Structure formats: structure tokens, C-alpha cells
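Student: Before I ask anything, here is the structure I am working with.
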Amino acid sequence: MAEPKPLPPASGHDKLMIGQSKAGVYMAHAILILGILIVAFPIYYTFVASTHSLQTILRPPLPLLPGPEFFNNYSEALFGGVGRIGGVSVATLLINTTIVAFGIAIGKIIISILSAYAIVFFRFPGRMFFFWLIFITLMLPVEVRILPTYKVMVDLGLIDTYTGLIVPLIASATATLLFRQFFLTIPGELVEAARVDGAGPWRFFKDILLPLSRTNIAALFVILFIYGWTQYLWPLLVTNRNDMNTIVIALRKMISFADADTEWHLVMVTSMLAIVPPILVVVFMQRWFVRGLVETEK
Amino acid sequence: MATVDLKDVRKVYAGGVEAVKGVSIAIPDKSLCVLVGPSGCGKSTLLRMIAGLETISAGSCAIDGKVVNAVGPTERDIAMVFQNYALYPHMKVYDNMAYGLRNRGTPKDEVDKRVRSTAKTLELEHLLERRPRELSGGQRQRVAMGRAIVRNPKVFLFDEPLSNLDAKLRGQMRVEIKNLQRNLGVTSVYVTHDQLEAMTLADVLVVMNAGLVEQLGAPLDIYEKPASTFVASFIGAPPMNLLPLRSGQLEGAVTLPAVPTNAATLGFRPEDCEVRTEANGVASDGALRLMAKVEGVEPVGAESFLYCQVPGGRIVVRVPGRTDVTPGDQLPVFARREKLHFFGSDGKRV
């Protein structure tokens, strides 16, 4: 085991590399700032649009500064109900999507960590067969099996339910593979030490494997939460009722091809609200990541 | 507290490889048994079978008189110290030591009492709140020992516990392990490939080779009377000089004592020979004398090793203190009759 390594120097000046000029640093920053502007401007413009009335938006040019309708628009969308999606409020959509995204992320993590645990730490007949079976499903995207899956959901009466939205998306070969790779790096002696210490399979999982996987779980959670949040095709198929829509589906439904029909100010509000939870998850989990990275060592 | 009895223990792996080919060892209560041998000789497998981490293919393993072949590692009441310590990286030292006790349902205050008293014995008290990665190699080693001791098991098992430490620390820990084991009086099995560790620690020394016991006994008995050329070359550093005999004659020998009829190899230890021609009061007819050409000199300080070429092969001669011998010198080498070992063509002592 390696001795604890000293942290790299923290001060910014020490990071100047040999042969790097001041002008070069300014140049690099200018390029980065330009990049950020290009990426951030559409989001800013969406925000600006969400604070104007429908009339202002429809009468070009759209102002570049936020308008006076912030509270009106947001409260109308969140609590009032949006006409084109059957009077369902954006708050309902947010709740739906949050449940689905959490369900998919947590479900995927539970299923994949357990299957990886079985494949790595237990010797049973057909172990490699099952591993390859899981591995092969990596090659089948959701779209390929969407018709049979839809049929099963209809037969089970799971259309317009959270179960129907979540369960078919839970199995994850990618996450199983990631956990498997991580588990393979855990030294065999650690497993044996736990056995000698009287930890059965369940205790070993709970007391040793799970704490050691914290970082992996946090990283996967972020990725899978965003995956769940941005799901489009499956929620579109499996929901009919407006109050079971996820926010991405509802957003699509809010936009009509005839401009006059579309309540653009509410569309903009919904767009803004749709990106807030993923951002929160990333920001919150990022701190977790770093802590996990600093603390754990195999 | 407990004896360990192995009777004709075998290990055959799924692929048909036989790692342990029938080993019988009886380890008396409170003694430290060292299994030593080159890598791949089956010593670690044997230890893991005693621990219950490997199944026993044939034969029986009994701890404290009870056959434990079908008993899991938890119920065998053993504790093991691993080569890379295998501390739980996410747990504090305290929890690392307490984990085994907690799993056995020991009451909380009892756990605390035992962890603290063990920490005191091992001088770990100030480290209890640290995590393994904040400890030095020696400290981790101590924690691994503590984790074993705190449970107060019937048997300690050590799997090359010192091989990750530097030479100085290894020496210290060796003495400490020996003292601890003696004070606690717990029967122990210790696996190492280091013959020095084996010699200094063992009450019972078991030299293993290719899945079999080559020799079993007290360390100094094995040193003085190695049962085979393998043991002779494995125990002792530098190893015993072994020279082939051709129909009872040694090539290049000036004088050679009477050789047992079926001896094929002659052996003598570097420390048992001297550089001189005359017998000086020793019965010269019973001694070995031969001329050696020095190829290299290794002064270690308290002694020097001369690496020499003789007609039958290469030998090492130990001379005390410093020496003014230089490579290329011709030296007379002398060894007394009682210091000579003879081995048959099968490698066994005759």
C-alpha cells in the first residue's frame, strides 16, 4: 500500500508551466470565456424570455434583459396549470419527473450492484454465462425491445403508472459492468479477512462493499439521474394521461406548430424549471464525489 | 489452548493441479509452527486450509481435537494476519479491531474494553481514531496483529506478515511477534519464505517443497542435520556448499575422509570451513581439504564471504572479520569430518 501522497500545490501561481507566458494565460482565458458565453447564452435567453409576457415574446425583437413578468409567469406555470397539456401544473410535472428519475437511478444502482456482487464474489454454475448475458444486453438499446416491452406493460395494466415508467428502464448492463470492474479491484485478502472476522455475505456487502463503493455510486447516480430525467421515447409511449407526463414530454406537448397556440412564456418557464433539478443533483453530488475520492482507498 | 493436527492433508484444484500432496503435522499447544519453502511449495495453501479459506480435498484438519474440515472460517475460532494486512480501508483503527467482535455479538462495553486493552499492549492507543491510509507500514502491521489478538482466538495464522516491511522494521516486528506469541500462549502457524524468519521464530519448523514436507523439527536440528539437499540449500544463508561425488571421489580434493558408499553429494556450510592447510591439532585424516580459486569477496563487516571456484563447482567460504584475500588468489579450504554432510543420489541424507 502506498504511503499517503502529498497534495499538489494549491496556489494558482505554481501551476504556471515552464515556457508559459502571461499573454498565453490571457489567451486561454479569453477562449474559455468565449466558450462559456456560447454555451450559456441560449440558457440566459430562455431565462429572459421566461420573464416576459406572451405578447412581448411574439413581437420581435425579444429584449436582451429580463422583463417584469418573472413572478407572474412562474407562479402561473407552477401552480396554475397549462392549457395545452390539459391544465396540469408544472409542479405536477416536476414531481412526476423527479419520482421517475429517482426511481430509475436508484433502481438501476440497486439492481446492478447486486448483480455485480453475485457475479464477482460467488461461484455458481453458469456464472460466466450470466455475465455474458448481461454484457450482450449492452448491445440492445431500449428502442429495439420497445414493442414487446410496451405489450408487456399493457398486459400488466401498467400504462400511466410510475411502475410502468420506471421498471422497464431499470436493468442496466453498463452499471453492472462498472461495478463489476470496481469489485474486481478489491483485494481477495480483504474478502478473506472479513470471512475470518465472521462477516457473512450480507454483512460483507453492507459493511465493506457498500462503503467502498460510495464514490462509484455517487458518480453513477448523477449519470443515471440525468438519464432518467431526460427520457423521452419511453414516457411518451407509456403515458396517456396528462397528469402522468414527465416534464420533457409535457414540454413537447406544449409547443404547437401554430405559433399563436403556443404559450411561449410558459414554455420558457418550463424549460428553465426542467434544467434546475439535474443541475442541483450535479452540484450536490459533486461535493460527495470529491469527498469520496479523498477518503477511500483500497 | 489448542493443538492443530493435520493428517495427510491434500489439496487438488479444479484444474487437476495438486498443490498439497499429503501433509501431516502435529502442532503442540502454545507453540509457533513455521511453514517455510520457496514460492509455489503449497505452504500458503496449507495455511489457508487451516483457516478454512480453502476446502480440504483429502485428509483431515483438527483444531483442539475437533475435525474442522466442514467448518467455516468464522466458526473455527482462528485469526489471521495477511501479507498486505487487509485492513478495512474505510474503517477507523478502532472499528477495524472491533469488527470481528461485533460480528460475534460481543456486548458493546466488552468490545470497548478488549479493543482498548489490546491497543495498549500494541502501543496503538493514539492511533485508534485514524484510518489505515493514515498509518505507516509498521503501524498497519500492528493494527493487523491487533485485529487478530483482540478476538482471543484458539489459533493465530500468519501469512507472510512481514514481507511488506523494510529490513529494520522486519527485525523489530519479528522479535515482537515472538514475544507476543509467547506471552499470549496462543498456538500459531506462520508462513514465510524467509529462512531467517523461519529459524528465529519457530518452535517447530516445517520445510516444504513441491507440496510435501521435506523436513520437520526444531530449527537448529534442521540446520545441523538437513534431511535432503533441498533443505540444506534452503536453510542457512549463504546456503550450504554442495559438491557432486563421482564414485566416492571428489574432484580436486587434496584429502577426503571416508565417504558413505551410496553418497552422491558432499555438503558443508560456509561457516564450517576454514582457510588453512595444516590440521593444527585436528585429526587431519578425517578432514576435507581442497584448493579453491577466489572469484569474489564480500566483506559484510563482522564477517566476509569468499566466493570460490573448485573443480567440482562453486563454494562459499565464510571467514571472520576482514580479509586481505583478493579475487584470483588460490586458497586451501579445510573442513572437519564432523561438519561434512553426505546425500544420496535421490538427494536424501545418508
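Convention: chains lettered A, B, ... in C-alpha cells order; per-chain residue numbering from 1; ligands numbered from 1 as shown.
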With only C-alpha atoms as the counted atoms, please give the residues lying no more than 10 Å from Pro238 of chain B, apart from itself and same-chain residues fewer than 3 positions off, as a list of chain:residue names.

Tutor: B:Ser233, B:Phe234, B:Ile235, B:Asn241, B:Arg269, B:Pro270, B:Glu271, B:Phe305, B:Ile315, B:Val316, B:Val317, B:Arg318

Student: Where does DSSP see helix (DSSP H, G or I) in segment 122-339 of chain B, if you list the residues as a ChimeraX atom specification?

Tutor: /B:125-127,132-134,137-149,167-184,195-201,219-224,229-234,270-272,284-286,337-339

Student: Quick one: residues within 9 Å of Phe47 of chain A, only C-alpha atoms, excluding same-chain residues fewer than 2 positions away - as a list in words?

Tutor: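 Surrounding residues, per the criterion: Pro42, Ile43, Tyr44, Tyr45, Ala49, Ser50, Thr51, Pro66, Met268, Val269, Ser271 and Met272 of chain A.
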
Student: Distance limit 9 Å, atoms considered: only C-alpha atoms. Which chain B residues sit that close to chain A? Return them as a VMD selection string.

Tutor: chain B and resid 51 to 53 72 to 91 99 to 101 103 to 104 132 to 137 147 to 148 151 164

Student: Need the shell around segment 41-50 of chain B: protein/DNA/RNA residues with any atom at most 7 Å away, counting only C-alpha atoms. Skip same-chain ones fewer than 4 positions apart. Format as a ChimeraX atom specification?

Tutor: /B:19-20,35-37,54-56,61,159,191,208-211

Student: Which residues are close to Thr149 of chain A, i.e. within 12 Å by only C-alpha atoms, leaving aside same-chain residues fewer than 2 positions away? Reply as a list in words.

Tutor: Val142, Glu143, Val144, Arg145, Ile146, Leu147, Lys151, Val152, Met153, Val154, Asp155, Leu156, Leu158, Ile159, Gly164, Leu165, Val167, Pro168, Leu169, Trp234, Leu237 and Val238 of chain A

Student: Take the residues from that selection and put them in a file with C-alpha atoms, as a PDB file, in the first residue's frame.

Tutor:
ATOM      1  CA  VAL A 142     -34.208   0.346 -25.383  1.00  0.00           C
ATOM      2  CA  GLU A 143     -35.654   1.144 -28.815  1.00  0.00           C
ATOM      3  CA  VAL A 144     -35.009  -2.373 -30.084  1.00  0.00           C
ATOM      4  CA  ARG A 145     -37.123  -4.030 -27.418  1.00  0.00           C
ATOM      5  CA  ILE A 146     -39.647  -1.258 -27.113  1.00  0.00           C
ATOM      6  CA  LEU A 147     -42.595  -3.018 -28.760  1.00  0.00           C
ATOM      7  CA  LYS A 151     -47.021  -5.065 -24.887  1.00  0.00           C
ATOM      8  CA  VAL A 152     -45.966  -6.438 -21.513  1.00  0.00           C
ATOM      9  CA  MET A 153     -46.768  -3.125 -19.818  1.00  0.00           C
ATOM     10  CA  VAL A 154     -50.203  -3.004 -21.435  1.00  0.00           C
ATOM     11  CA  ASP A 155     -50.957  -6.593 -20.406  1.00  0.00           C
ATOM     12  CA  LEU A 156     -49.892  -5.859 -16.843  1.00  0.00           C
ATOM     13  CA  LEU A 158     -49.058  -0.543 -16.048  1.00  0.00           C
ATOM     14  CA  ILE A 159     -49.791   2.211 -18.563  1.00  0.00           C
ATOM     15  CA  GLY A 164     -44.647   1.381 -15.864  1.00  0.00           C
ATOM     16  CA  LEU A 165     -42.454   4.414 -16.340  1.00  0.00           C
ATOM     17  CA  VAL A 167     -39.294  -0.619 -14.152  1.00  0.00           C
ATOM     18  CA  PRO A 168     -38.566  -1.294 -17.850  1.00  0.00           C
ATOM     19  CA  LEU A 169     -35.660   1.154 -17.742  1.00  0.00           C
ATOM     20  CA  TRP A 234     -40.494   5.500 -23.288  1.00  0.00           C
ATOM     21  CA  LEU A 237     -45.357   5.667 -25.176  1.00  0.00           C
ATOM     22  CA  VAL A 238     -46.369   4.608 -21.736  1.00  0.00           C
TER      23      VAL A 238
END

Student: Among segment 78-117 of chain B, which ones does DSSP place in strand (DSSP E), written as number ranges by chain?

Tutor: B: 78-81

Student: Atom CA of Pro332 of chain B and atom CA of Leu220 of chain B are how many Å apart?

Tutor: 28.6 Å

Student: Show me, as a compact mmCIF listing (two decimals) with N, CA and C atoms, in the first residue's frame, the residues that have an atom within 6 Å of segment 334-336 of chain B when counting only C-alpha atoms, minus same-chain residues fewer than 5 positions from it.

Tutor:
# COMPACT_ATOMS: atom_id res chain seq x y z
N CYS B 273 33.85 -24.19 7.34
CA CYS B 273 35.14 -24.46 6.72
C CYS B 273 36.09 -23.30 6.99
N GLU B 274 37.36 -23.60 6.89
CA GLU B 274 38.36 -22.58 7.21
C GLU B 274 39.38 -22.54 6.08
N ALA B 287 39.59 -35.12 7.63
CA ALA B 287 39.14 -33.80 7.18
C ALA B 287 39.13 -33.71 5.67
N LEU B 288 38.35 -32.72 5.20
CA LEU B 288 38.32 -32.44 3.77
C LEU B 288 39.29 -31.30 3.50
N ARG B 289 40.12 -31.49 2.51
CA ARG B 289 40.98 -30.38 2.10
C ARG B 289 40.91 -30.25 0.59
